[in-house]
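> For reference, this is input_26.txt, and it has compact mmCIF, N, CA and C atoms.
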# COMPACT_ATOMS: atom_id res chain seq x y z
N MET A 239 0.85 -1.17 0.00
CA MET A 239 0.00 0.00 0.00
C MET A 239 0.90 1.24 0.00
N ARG A 240 0.72 2.08 -0.99
CA ARG A 240 1.49 3.32 -1.08
C ARG A 240 0.53 4.45 -1.43
N ASP A 241 0.54 5.51 -0.63
CA ASP A 241 -0.31 6.67 -0.84
C ASP A 241 0.57 7.92 -0.79
N ILE A 242 0.91 8.46 -1.95
CA ILE A 242 1.80 9.61 -2.05
C ILE A 242 1.01 10.73 -2.73
N ARG A 243 0.86 11.87 -2.03
CA ARG A 243 0.03 12.94 -2.58
C ARG A 243 0.57 14.32 -2.23
N LEU A 244 0.21 15.27 -3.08
CA LEU A 244 0.33 16.70 -2.80
C LEU A 244 -1.08 17.22 -2.64
N LEU A 245 -1.29 18.09 -1.66
CA LEU A 245 -2.63 18.63 -1.42
C LEU A 245 -2.60 20.14 -1.37
N GLU A 246 -3.57 20.76 -2.00
CA GLU A 246 -3.75 22.20 -1.89
C GLU A 246 -4.81 22.54 -0.86
N THR A 247 -5.44 21.53 -0.30
CA THR A 247 -6.51 21.71 0.68
C THR A 247 -6.08 21.10 2.02
N PRO A 248 -6.74 21.49 3.11
CA PRO A 248 -6.37 20.93 4.42
C PRO A 248 -6.47 19.41 4.45
N MET A 249 -5.68 18.81 5.35
CA MET A 249 -5.74 17.36 5.53
C MET A 249 -6.04 17.05 6.99
N ASP A 250 -6.54 15.84 7.20
CA ASP A 250 -6.83 15.34 8.53
C ASP A 250 -5.85 14.18 8.79
N PRO A 251 -4.72 14.45 9.47
CA PRO A 251 -3.73 13.39 9.69
C PRO A 251 -4.30 12.16 10.37
N GLY A 252 -5.22 12.35 11.31
CA GLY A 252 -5.82 11.21 12.00
C GLY A 252 -6.57 10.30 11.05
N ALA A 253 -7.36 10.89 10.17
CA ALA A 253 -8.11 10.09 9.19
C ALA A 253 -7.16 9.38 8.22
N GLU A 254 -6.09 10.07 7.84
CA GLU A 254 -5.12 9.45 6.92
C GLU A 254 -4.42 8.27 7.59
N LEU A 255 -4.09 8.40 8.87
CA LEU A 255 -3.45 7.28 9.59
C LEU A 255 -4.43 6.14 9.81
N GLU A 256 -5.71 6.45 10.00
CA GLU A 256 -6.72 5.39 10.10
C GLU A 256 -6.79 4.61 8.79
N ALA A 257 -6.69 5.31 7.67
CA ALA A 257 -6.72 4.64 6.36
C ALA A 257 -5.50 3.73 6.19
N LEU A 258 -4.33 4.21 6.62
CA LEU A 258 -3.12 3.38 6.55
C LEU A 258 -3.27 2.15 7.44
N THR A 259 -3.80 2.34 8.62
CA THR A 259 -4.02 1.22 9.55
C THR A 259 -4.98 0.19 8.96
N ALA A 260 -6.07 0.67 8.38
CA ALA A 260 -7.06 -0.24 7.79
C ALA A 260 -6.49 -1.00 6.60
N ALA A 261 -5.61 -0.36 5.85
CA ALA A 261 -5.04 -0.99 4.65
C ALA A 261 -3.93 -1.98 4.98
N THR A 262 -3.43 -1.97 6.22
CA THR A 262 -2.31 -2.85 6.59
C THR A 262 -2.64 -3.60 7.89
N PRO A 263 -3.66 -4.48 7.85
CA PRO A 263 -4.10 -5.15 9.07
C PRO A 263 -3.05 -6.07 9.70
N ASP A 264 -2.07 -6.53 8.92
CA ASP A 264 -1.06 -7.43 9.47
C ASP A 264 0.16 -6.70 10.01
N ALA A 265 0.15 -5.38 9.94
CA ALA A 265 1.29 -4.61 10.45
C ALA A 265 1.36 -4.73 11.97
N GLY A 266 2.57 -4.89 12.46
CA GLY A 266 2.78 -4.93 13.91
C GLY A 266 2.95 -3.54 14.50
N GLY A 267 3.25 -2.58 13.64
CA GLY A 267 3.42 -1.22 14.13
C GLY A 267 3.27 -0.19 13.03
N ILE A 268 2.78 0.96 13.40
CA ILE A 268 2.66 2.09 12.49
C ILE A 268 3.31 3.28 13.18
N ALA A 269 4.25 3.89 12.47
CA ALA A 269 4.92 5.09 12.98
C ALA A 269 4.51 6.25 12.09
N SER A 270 4.49 7.45 12.68
CA SER A 270 4.09 8.60 11.88
C SER A 270 4.76 9.87 12.39
N PHE A 271 4.79 10.85 11.50
CA PHE A 271 5.24 12.19 11.84
C PHE A 271 4.30 13.17 11.15
N VAL A 272 3.85 14.16 11.90
CA VAL A 272 3.04 15.24 11.35
C VAL A 272 3.79 16.53 11.60
N GLY A 273 4.13 17.24 10.53
CA GLY A 273 4.75 18.55 10.66
C GLY A 273 3.67 19.61 10.55
N LYS A 274 3.71 20.61 11.44
CA LYS A 274 2.69 21.65 11.47
C LYS A 274 3.33 23.03 11.36
N VAL A 275 2.55 24.00 10.92
CA VAL A 275 2.98 25.40 10.91
C VAL A 275 3.09 25.84 12.37
N ARG A 276 4.24 26.39 12.72
CA ARG A 276 4.45 26.85 14.09
C ARG A 276 3.44 27.95 14.44
N ALA A 277 2.93 27.87 15.65
CA ALA A 277 1.98 28.87 16.12
C ALA A 277 2.66 29.90 17.02
N SER A 278 3.98 29.85 17.09
CA SER A 278 4.72 30.79 17.94
C SER A 278 5.68 31.62 17.11
N GLY A 279 6.32 32.55 17.75
CA GLY A 279 7.34 33.35 17.07
C GLY A 279 6.79 34.35 16.08
N GLY A 280 5.51 34.67 16.20
CA GLY A 280 4.94 35.67 15.31
C GLY A 280 4.61 35.19 13.92
N VAL A 281 4.61 33.87 13.69
CA VAL A 281 4.29 33.34 12.36
C VAL A 281 2.81 33.58 12.08
N GLU A 282 2.56 34.27 10.98
CA GLU A 282 1.18 34.56 10.55
C GLU A 282 0.72 33.57 9.49
N ALA A 283 1.65 33.10 8.67
CA ALA A 283 1.32 32.17 7.60
C ALA A 283 2.59 31.51 7.09
N LEU A 284 2.42 30.38 6.44
CA LEU A 284 3.51 29.67 5.77
C LEU A 284 3.03 29.37 4.36
N GLU A 285 3.90 29.59 3.40
CA GLU A 285 3.57 29.29 2.01
C GLU A 285 4.59 28.33 1.45
N LEU A 286 4.09 27.25 0.83
CA LEU A 286 4.95 26.29 0.16
C LEU A 286 4.63 26.28 -1.32
N SER A 287 5.66 26.53 -2.12
CA SER A 287 5.54 26.38 -3.56
C SER A 287 6.46 25.23 -3.97
N HIS A 288 6.31 24.77 -5.21
CA HIS A 288 7.09 23.61 -5.63
C HIS A 288 7.27 23.63 -7.13
N TYR A 289 8.15 22.75 -7.59
CA TYR A 289 8.40 22.60 -9.02
C TYR A 289 7.61 21.39 -9.49
N GLU A 290 6.44 21.65 -10.05
CA GLU A 290 5.46 20.61 -10.35
C GLU A 290 5.99 19.41 -11.15
N PRO A 291 6.82 19.61 -12.20
CA PRO A 291 7.26 18.44 -12.96
C PRO A 291 8.12 17.45 -12.16
N LEU A 292 8.71 17.90 -11.07
CA LEU A 292 9.59 17.03 -10.30
C LEU A 292 9.05 16.62 -8.94
N THR A 293 8.14 17.37 -8.38
CA THR A 293 7.75 17.15 -6.99
C THR A 293 7.12 15.78 -6.75
N LEU A 294 6.00 15.51 -7.38
CA LEU A 294 5.33 14.23 -7.12
C LEU A 294 6.17 13.05 -7.61
N PRO A 295 6.79 13.11 -8.80
CA PRO A 295 7.68 12.01 -9.18
C PRO A 295 8.84 11.83 -8.18
N GLY A 296 9.36 12.92 -7.67
CA GLY A 296 10.43 12.82 -6.68
C GLY A 296 9.95 12.18 -5.39
N MET A 297 8.74 12.51 -4.97
CA MET A 297 8.17 11.89 -3.77
C MET A 297 7.92 10.40 -4.00
N GLN A 298 7.49 10.04 -5.21
CA GLN A 298 7.29 8.61 -5.54
C GLN A 298 8.63 7.87 -5.50
N GLU A 299 9.69 8.50 -6.02
CA GLU A 299 11.02 7.88 -5.99
C GLU A 299 11.51 7.74 -4.55
N LEU A 300 11.27 8.75 -3.74
CA LEU A 300 11.64 8.66 -2.32
C LEU A 300 10.90 7.51 -1.64
N ALA A 301 9.63 7.36 -1.95
CA ALA A 301 8.85 6.24 -1.39
C ALA A 301 9.44 4.91 -1.83
N ALA A 302 9.83 4.80 -3.09
CA ALA A 302 10.43 3.56 -3.58
C ALA A 302 11.74 3.26 -2.86
N GLN A 303 12.54 4.28 -2.62
CA GLN A 303 13.79 4.09 -1.87
C GLN A 303 13.51 3.61 -0.45
N ALA A 304 12.51 4.19 0.19
CA ALA A 304 12.14 3.77 1.55
C ALA A 304 11.68 2.31 1.54
N GLU A 305 10.88 1.95 0.54
CA GLU A 305 10.38 0.58 0.46
C GLU A 305 11.50 -0.42 0.20
N GLN A 306 12.53 -0.02 -0.54
CA GLN A 306 13.67 -0.90 -0.78
C GLN A 306 14.54 -1.04 0.47
N ARG A 307 14.64 0.04 1.22
CA ARG A 307 15.54 0.09 2.36
C ARG A 307 14.96 -0.56 3.61
N PHE A 308 13.63 -0.47 3.76
CA PHE A 308 12.96 -0.96 4.97
C PHE A 308 11.86 -1.93 4.59
N ALA A 309 11.56 -2.87 5.48
CA ALA A 309 10.52 -3.88 5.23
C ALA A 309 9.16 -3.28 5.58
N LEU A 310 8.58 -2.59 4.61
CA LEU A 310 7.31 -1.89 4.84
C LEU A 310 6.13 -2.64 4.27
N MET A 311 5.00 -2.47 4.92
CA MET A 311 3.74 -3.01 4.43
C MET A 311 2.87 -1.89 3.86
N GLY A 312 3.19 -0.66 4.23
CA GLY A 312 2.44 0.49 3.74
C GLY A 312 3.20 1.77 4.00
N LEU A 313 2.98 2.76 3.15
CA LEU A 313 3.63 4.05 3.30
C LEU A 313 2.69 5.14 2.82
N THR A 314 2.48 6.14 3.67
CA THR A 314 1.69 7.31 3.33
C THR A 314 2.61 8.52 3.43
N MET A 315 2.62 9.35 2.38
CA MET A 315 3.41 10.57 2.38
C MET A 315 2.55 11.65 1.72
N ILE A 316 2.08 12.58 2.53
CA ILE A 316 1.20 13.64 2.04
C ILE A 316 1.83 14.98 2.39
N HIS A 317 1.97 15.84 1.41
CA HIS A 317 2.58 17.15 1.63
C HIS A 317 1.64 18.23 1.11
N ARG A 318 1.42 19.23 1.94
CA ARG A 318 0.60 20.38 1.53
C ARG A 318 1.43 21.33 0.68
N ILE A 319 0.74 22.05 -0.19
CA ILE A 319 1.32 23.17 -0.92
C ILE A 319 0.33 24.32 -0.81
N GLY A 320 0.81 25.53 -1.05
CA GLY A 320 -0.05 26.69 -0.92
C GLY A 320 0.18 27.39 0.41
N THR A 321 -0.79 28.17 0.83
CA THR A 321 -0.67 28.97 2.05
C THR A 321 -1.43 28.31 3.19
N MET A 322 -0.77 28.24 4.34
CA MET A 322 -1.34 27.63 5.53
C MET A 322 -1.19 28.57 6.72
N GLY A 323 -2.02 28.38 7.72
CA GLY A 323 -1.97 29.19 8.93
C GLY A 323 -1.36 28.44 10.09
N PRO A 324 -1.06 29.14 11.18
CA PRO A 324 -0.49 28.51 12.36
C PRO A 324 -1.33 27.31 12.83
N GLY A 325 -0.65 26.23 13.12
CA GLY A 325 -1.30 25.00 13.58
C GLY A 325 -1.73 24.06 12.48
N ASP A 326 -1.76 24.53 11.23
CA ASP A 326 -2.17 23.66 10.12
C ASP A 326 -1.12 22.58 9.86
N PRO A 327 -1.56 21.33 9.59
CA PRO A 327 -0.62 20.29 9.19
C PRO A 327 -0.01 20.60 7.82
N ILE A 328 1.31 20.42 7.73
CA ILE A 328 2.03 20.65 6.47
C ILE A 328 2.33 19.32 5.79
N VAL A 329 2.81 18.36 6.57
CA VAL A 329 3.27 17.10 6.02
C VAL A 329 2.89 15.96 6.96
N LEU A 330 2.58 14.82 6.36
CA LEU A 330 2.34 13.59 7.11
C LEU A 330 3.12 12.48 6.44
N VAL A 331 3.92 11.78 7.22
CA VAL A 331 4.55 10.56 6.75
C VAL A 331 4.16 9.47 7.74
N GLY A 332 3.57 8.41 7.23
CA GLY A 332 3.20 7.27 8.05
C GLY A 332 3.72 6.00 7.39
N ALA A 333 4.27 5.11 8.20
CA ALA A 333 4.80 3.85 7.68
C ALA A 333 4.29 2.69 8.52
N ALA A 334 3.89 1.63 7.85
CA ALA A 334 3.41 0.42 8.51
C ALA A 334 4.39 -0.71 8.20
N ALA A 335 4.73 -1.47 9.23
CA ALA A 335 5.67 -2.58 9.06
C ALA A 335 5.32 -3.69 10.05
N ARG A 336 5.87 -4.85 9.79
CA ARG A 336 5.66 -5.96 10.71
C ARG A 336 6.29 -5.66 12.07
N HIS A 337 7.43 -4.95 12.02
CA HIS A 337 8.16 -4.62 13.25
C HIS A 337 8.36 -3.11 13.33
N ARG A 338 8.34 -2.55 14.51
CA ARG A 338 8.37 -1.10 14.73
C ARG A 338 9.60 -0.42 14.15
N ARG A 339 10.76 -1.05 14.25
CA ARG A 339 12.00 -0.38 13.84
C ARG A 339 11.95 0.04 12.38
N ASP A 340 11.47 -0.83 11.48
CA ASP A 340 11.38 -0.47 10.07
C ASP A 340 10.42 0.71 9.87
N ALA A 341 9.31 0.70 10.57
CA ALA A 341 8.34 1.80 10.44
C ALA A 341 8.95 3.12 10.92
N ILE A 342 9.58 3.10 12.07
CA ILE A 342 10.18 4.31 12.64
C ILE A 342 11.28 4.84 11.74
N LEU A 343 12.17 3.97 11.29
CA LEU A 343 13.28 4.41 10.44
C LEU A 343 12.79 4.92 9.09
N ALA A 344 11.76 4.31 8.53
CA ALA A 344 11.23 4.76 7.25
C ALA A 344 10.67 6.17 7.35
N VAL A 345 9.97 6.46 8.42
CA VAL A 345 9.43 7.81 8.62
C VAL A 345 10.57 8.80 8.75
N ASP A 346 11.57 8.47 9.53
CA ASP A 346 12.73 9.35 9.73
C ASP A 346 13.46 9.59 8.40
N PHE A 347 13.68 8.52 7.64
CA PHE A 347 14.34 8.60 6.34
C PHE A 347 13.57 9.54 5.40
N CYS A 348 12.28 9.34 5.28
CA CYS A 348 11.48 10.17 4.38
C CYS A 348 11.48 11.63 4.83
N MET A 349 11.32 11.88 6.11
CA MET A 349 11.29 13.26 6.59
C MET A 349 12.63 13.96 6.38
N ASP A 350 13.73 13.27 6.62
CA ASP A 350 15.04 13.89 6.40
C ASP A 350 15.21 14.30 4.94
N HIS A 351 14.71 13.49 4.03
CA HIS A 351 14.81 13.82 2.61
C HIS A 351 13.83 14.94 2.23
N LEU A 352 12.62 14.89 2.73
CA LEU A 352 11.65 15.94 2.42
C LEU A 352 12.11 17.29 2.96
N LYS A 353 12.75 17.28 4.11
CA LYS A 353 13.18 18.52 4.76
C LYS A 353 14.35 19.18 4.05
N SER A 354 15.25 18.39 3.48
CA SER A 354 16.51 18.94 2.97
C SER A 354 16.73 18.79 1.47
N ALA A 355 16.12 17.79 0.86
CA ALA A 355 16.47 17.50 -0.53
C ALA A 355 15.23 17.41 -1.41
N ALA A 356 14.19 18.11 -1.02
CA ALA A 356 12.95 18.02 -1.79
C ALA A 356 12.79 19.22 -2.71
N TRP A 357 11.65 19.32 -3.29
CA TRP A 357 11.38 20.24 -4.38
C TRP A 357 10.41 21.33 -3.94
N PHE A 358 10.55 21.74 -2.67
CA PHE A 358 9.66 22.74 -2.10
C PHE A 358 10.44 24.00 -1.73
N TRP A 359 9.77 25.13 -1.88
CA TRP A 359 10.31 26.39 -1.37
C TRP A 359 9.34 26.89 -0.33
N LYS A 360 9.90 27.31 0.82
CA LYS A 360 9.06 27.75 1.94
C LYS A 360 9.36 29.21 2.27
N ARG A 361 8.29 29.91 2.61
CA ARG A 361 8.47 31.23 3.17
C ARG A 361 7.42 31.45 4.25
N GLU A 362 7.83 32.21 5.26
CA GLU A 362 6.97 32.53 6.39
C GLU A 362 6.60 34.00 6.35
N LYS A 363 5.40 34.26 6.81
CA LYS A 363 4.96 35.65 6.95
C LYS A 363 5.00 36.00 8.43
N ARG A 364 5.80 37.01 8.75
CA ARG A 364 5.92 37.53 10.12
C ARG A 364 5.87 39.05 10.05
N GLY A 365 5.12 39.64 10.93
CA GLY A 365 5.02 41.10 10.94
C GLY A 365 4.56 41.67 9.62
N GLY A 366 3.72 40.92 8.91
CA GLY A 366 3.19 41.37 7.64
C GLY A 366 4.13 41.23 6.46
N GLU A 367 5.34 40.68 6.67
CA GLU A 367 6.32 40.54 5.57
C GLU A 367 6.71 39.07 5.40
N TRP A 368 6.94 38.71 4.14
CA TRP A 368 7.34 37.34 3.81
C TRP A 368 8.87 37.22 3.85
N HIS A 369 9.34 36.05 4.38
CA HIS A 369 10.77 35.75 4.47
C HIS A 369 10.98 34.31 4.03
N TRP A 370 11.95 34.09 3.14
CA TRP A 370 12.25 32.74 2.67
C TRP A 370 12.92 31.95 3.79
N ILE A 371 12.64 30.65 3.83
CA ILE A 371 13.22 29.74 4.82
C ILE A 371 14.15 28.78 4.09
N GLU A 372 15.36 28.70 4.55
CA GLU A 372 16.35 27.77 3.99
C GLU A 372 16.51 26.59 4.94
N PRO A 373 16.89 25.41 4.41
CA PRO A 373 17.20 24.29 5.32
C PRO A 373 18.33 24.69 6.27
N ARG A 374 18.23 24.20 7.50
CA ARG A 374 19.24 24.49 8.51
C ARG A 374 20.42 23.53 8.36
N ILE A 375 21.54 23.87 8.97
CA ILE A 375 22.71 22.99 8.97
C ILE A 375 22.34 21.62 9.53
N GLU A 376 21.52 21.61 10.56
CA GLU A 376 21.08 20.34 11.17
C GLU A 376 20.30 19.48 10.18
N ASP A 377 19.50 20.13 9.33
CA ASP A 377 18.72 19.39 8.34
C ASP A 377 19.64 18.66 7.36
N HIS A 378 20.71 19.35 6.92
CA HIS A 378 21.67 18.72 6.00
C HIS A 378 22.43 17.59 6.70
N ALA A 379 22.75 17.78 7.97
CA ALA A 379 23.44 16.72 8.73
C ALA A 379 22.54 15.50 8.89
N ASP A 380 21.25 15.75 9.15
CA ASP A 380 20.30 14.63 9.27
C ASP A 380 20.24 13.84 7.96
N LEU A 381 20.22 14.54 6.84
CA LEU A 381 20.17 13.87 5.54
C LEU A 381 21.44 13.07 5.27
N ALA A 382 22.59 13.62 5.64
CA ALA A 382 23.88 12.99 5.36
C ALA A 382 24.03 11.63 6.04
N ARG A 383 23.35 11.41 7.13
CA ARG A 383 23.51 10.12 7.84
C ARG A 383 22.93 8.94 7.07
N TRP A 384 22.13 9.20 6.04
CA TRP A 384 21.55 8.12 5.23
C TRP A 384 22.43 7.74 4.05
N SER A 385 23.53 8.44 3.83
CA SER A 385 24.40 8.16 2.68
C SER A 385 25.21 6.92 2.89
Write out the structure in this file as structure tokens.

Amino acid sequence: MRDIRLLETPMDPGAELEALTAATPDAGGIASFVGKVRASGGVEALELSHYEPLTLPGMQELAAQAEQRFALMGLTMIHRIGTMGPGDPIVLVGAAARHRRDAILAVDFCMDHLKSAAWFWKREKRGGEWHWIEPRIEDHADLARWS
């Protein structure tokens, strides 16, 4: 089971994880990560744009790499695009596996790649002005550990 999507509309991470759970009844564990727009630090909005010809194919390739690397029974990777407000879910990665370790590592692997090597541009609105967000040094270090 593989569910890889880009959404311009809000998502319900709980409902998406219920769907993953229902689709993988033999899984011994499901791990997930939900990234949200920060509600602190004066963030008024977050905008994600992307390069359409590469984004979804790149996410599909990332899913294939995760499936080759870890013993997965299911993988959900949903990423929002467009403008979101504080508290809104941005990204959901859920992995189902017979054993917890594969599920946990698959989620970590996918998030490290989405955070640092993906096809998204992010900017935050603070104090009425937009500012571009670049990956942090820590994000690149997290990605490098999978090489």
> If we count all atoms listed in the file and set the cut-off at 5 Å, which residues sit around Gly266 of chain A, ignoring sequence neighbours fewer than 6 positions away in its own chain? Please answer as a PyMOL selection string.
chain A and resi 335-337
> At a cut-off of 12 Å, using only C-alpha atoms, what residues contact Ala261 of chain A? Leave out same-chain residues fewer than 5 positions from it and give the result as a list in words.
Met239, Arg240, Asp241, Glu254, Leu255, Glu256, Ile268, Met311, Gly312, Leu313, Thr314, Ala333, Ala334 and Ala335 of chain A
> Compare A:Leu381, A:Pro324, A:Ser287, A:Ala344 by their minimum atom-to-atom distance to Ala309 of chain A, counting only N, CA and C atoms, and give me the closest one.
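Going through A:Leu381, A:Pro324, A:Ser287, A:Ala344 one by one, the smallest distance to Ala309 of chain A is for A:Ala344.
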> Identify, on the basis of only C-alpha atoms, every residue whose closest approach to Ile375 of chain A does not exceed 12 Å; exclude the query and any residue fewer than 4 positions from it along the same chain; express the result as a PyMOL selection string.
chain A and resi 353-354+379-382
> Taking only segment 299-360 of chain A into account, list the residues labelled alpha helix (DSSP H) by DSSP (computed from the backbone), as a list in words.
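Put together, the selection reads Glu299, Leu300, Ala301, Ala302, Gln303, Ala304, Glu305, Gln306, Arg307, Arg338, Arg339, Asp340, Ala341, Ile342, Leu343, Ala344, Val345, Asp346, Phe347, Cys348, Met349, Asp350, His351, Leu352, Lys353 and Ser354 of chain A.
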> What is the distance, in Å and to one decimal place, between atom CA of Leu244 of chain A and atom CA of Pro291 of chain A?
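That distance, rounded to one decimal, is 12.4 Å.
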> Tell me which of A:Gly325, A:Gly332, A:Gly320, A:Gly296 sits closest to Leu352 of chain A, counting only C-alpha atoms.
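That would be A:Gly296, the residue with the smallest distance to Leu352 of chain A.
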> Per DSSP on the backbone, filter chain A down to the residues in strand (DSSP E) and report them as a ChimeraX atom specification.
/A:240-245,267-274,281-288,310-318,320-322,327-335,358-364,367-371
> Set the distance at 12 Å and use only C-alpha atoms: which residues neighbour Phe347 of chain A once local chain neighbours fewer than 5 positions away are removed? I'd like the list as a PyMOL selection string.
chain A and resi 270-271+300-308+315+331-333+339-342+352-355+377+380-385
> May I have the residues at most 6 Å from (2.3, 19.7, 5.9) in the file's coordinates, counting only N, CA and C atoms, as a PyMOL selection string?
chain A and resi 273-274+316-318+326-330
> How many Å separate atom N of Glu376 of chain A from atom C of Ala283 of chain A?
21.6 Å
> Kindly give the distance, in Å, that separates atom N of Trp357 of chain A and atom CA of Met322 of chain A, rounded to a single decimal.
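Taking atom N of Trp357 of chain A and atom CA of Met322 of chain A, their separation equals 17.8 Å.
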> Considering only N, CA and C atoms, state which residue in the set A:Gly280, A:His378, A:Thr262, A:Met297 is at the smallest distance from Arg364 of chain A.
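Checking each of A:Gly280, A:His378, A:Thr262, A:Met297 against Arg364 of chain A, counting only N, CA and C atoms, the winner is A:Gly280.
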> Taking into account only N, CA and C atoms, which residue in the set A:Ile319, A:Val281, A:Leu294, A:Met349 is nearest to Gly365 of chain A?
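Closest to Gly365 of chain A, using only N, CA and C atoms: A:Val281.
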> For segment 314-332 of chain A, supply N, CA, C and O atoms and format the output as a short mmCIF file (atom, residue, chain, number, x, y, z; two decimals), keeping the file's coordinate frame.

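Contents of rebuild_15.cif, as written:
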data_model
loop_
_atom_site.label_atom_id
_atom_site.label_comp_id
_atom_site.auth_asym_id
_atom_site.auth_seq_id
_atom_site.Cartn_x
_atom_site.Cartn_y
_atom_site.Cartn_z
N THR A 314 2.48 6.14 3.67
CA THR A 314 1.69 7.31 3.33
C THR A 314 2.61 8.52 3.43
O THR A 314 3.30 8.69 4.45
N MET A 315 2.62 9.35 2.38
CA MET A 315 3.41 10.57 2.38
C MET A 315 2.55 11.65 1.72
O MET A 315 2.30 11.59 0.52
N ILE A 316 2.08 12.58 2.53
CA ILE A 316 1.20 13.64 2.04
C ILE A 316 1.83 14.98 2.39
O ILE A 316 2.19 15.21 3.55
N HIS A 317 1.97 15.84 1.41
CA HIS A 317 2.58 17.15 1.63
C HIS A 317 1.64 18.23 1.11
O HIS A 317 1.15 18.14 0.00
N ARG A 318 1.42 19.23 1.94
CA ARG A 318 0.60 20.38 1.53
C ARG A 318 1.43 21.33 0.68
O ARG A 318 2.64 21.44 0.84
N ILE A 319 0.74 22.05 -0.19
CA ILE A 319 1.32 23.17 -0.92
C ILE A 319 0.33 24.32 -0.81
O ILE A 319 -0.84 24.12 -0.47
N GLY A 320 0.81 25.53 -1.05
CA GLY A 320 -0.05 26.69 -0.92
C GLY A 320 0.18 27.39 0.41
O GLY A 320 1.21 27.21 1.06
N THR A 321 -0.79 28.17 0.83
CA THR A 321 -0.67 28.97 2.05
C THR A 321 -1.43 28.31 3.19
O THR A 321 -2.57 27.89 3.01
N MET A 322 -0.77 28.24 4.34
CA MET A 322 -1.34 27.63 5.53
C MET A 322 -1.19 28.57 6.72
O MET A 322 -0.31 29.42 6.73
N GLY A 323 -2.02 28.38 7.72
CA GLY A 323 -1.97 29.19 8.93
C GLY A 323 -1.36 28.44 10.09
O GLY A 323 -1.15 27.22 10.03
N PRO A 324 -1.06 29.14 11.18
CA PRO A 324 -0.49 28.51 12.36
C PRO A 324 -1.33 27.31 12.83
O PRO A 324 -2.56 27.38 12.87
N GLY A 325 -0.65 26.23 13.12
CA GLY A 325 -1.30 25.00 13.58
C GLY A 325 -1.73 24.06 12.48
O GLY A 325 -2.04 22.90 12.73
N ASP A 326 -1.76 24.53 11.23
CA ASP A 326 -2.17 23.66 10.12
C ASP A 326 -1.12 22.58 9.86
O ASP A 326 0.08 22.86 9.88
N PRO A 327 -1.56 21.33 9.59
CA PRO A 327 -0.62 20.29 9.19
C PRO A 327 -0.01 20.60 7.82
O PRO A 327 -0.73 21.00 6.91
N ILE A 328 1.31 20.42 7.73
CA ILE A 328 2.03 20.65 6.47
C ILE A 328 2.33 19.32 5.79
O ILE A 328 2.18 19.17 4.59
N VAL A 329 2.81 18.36 6.57
CA VAL A 329 3.27 17.10 6.02
C VAL A 329 2.89 15.96 6.96
O VAL A 329 2.88 16.13 8.19
N LEU A 330 2.58 14.82 6.36
CA LEU A 330 2.34 13.59 7.11
C LEU A 330 3.12 12.48 6.44
O LEU A 330 3.02 12.30 5.22
N VAL A 331 3.92 11.78 7.22
CA VAL A 331 4.55 10.56 6.75
C VAL A 331 4.16 9.47 7.74
O VAL A 331 4.37 9.62 8.95
N GLY A 332 3.57 8.41 7.23
CA GLY A 332 3.20 7.27 8.05
C GLY A 332 3.72 6.00 7.39
O GLY A 332 3.65 5.86 6.16
#
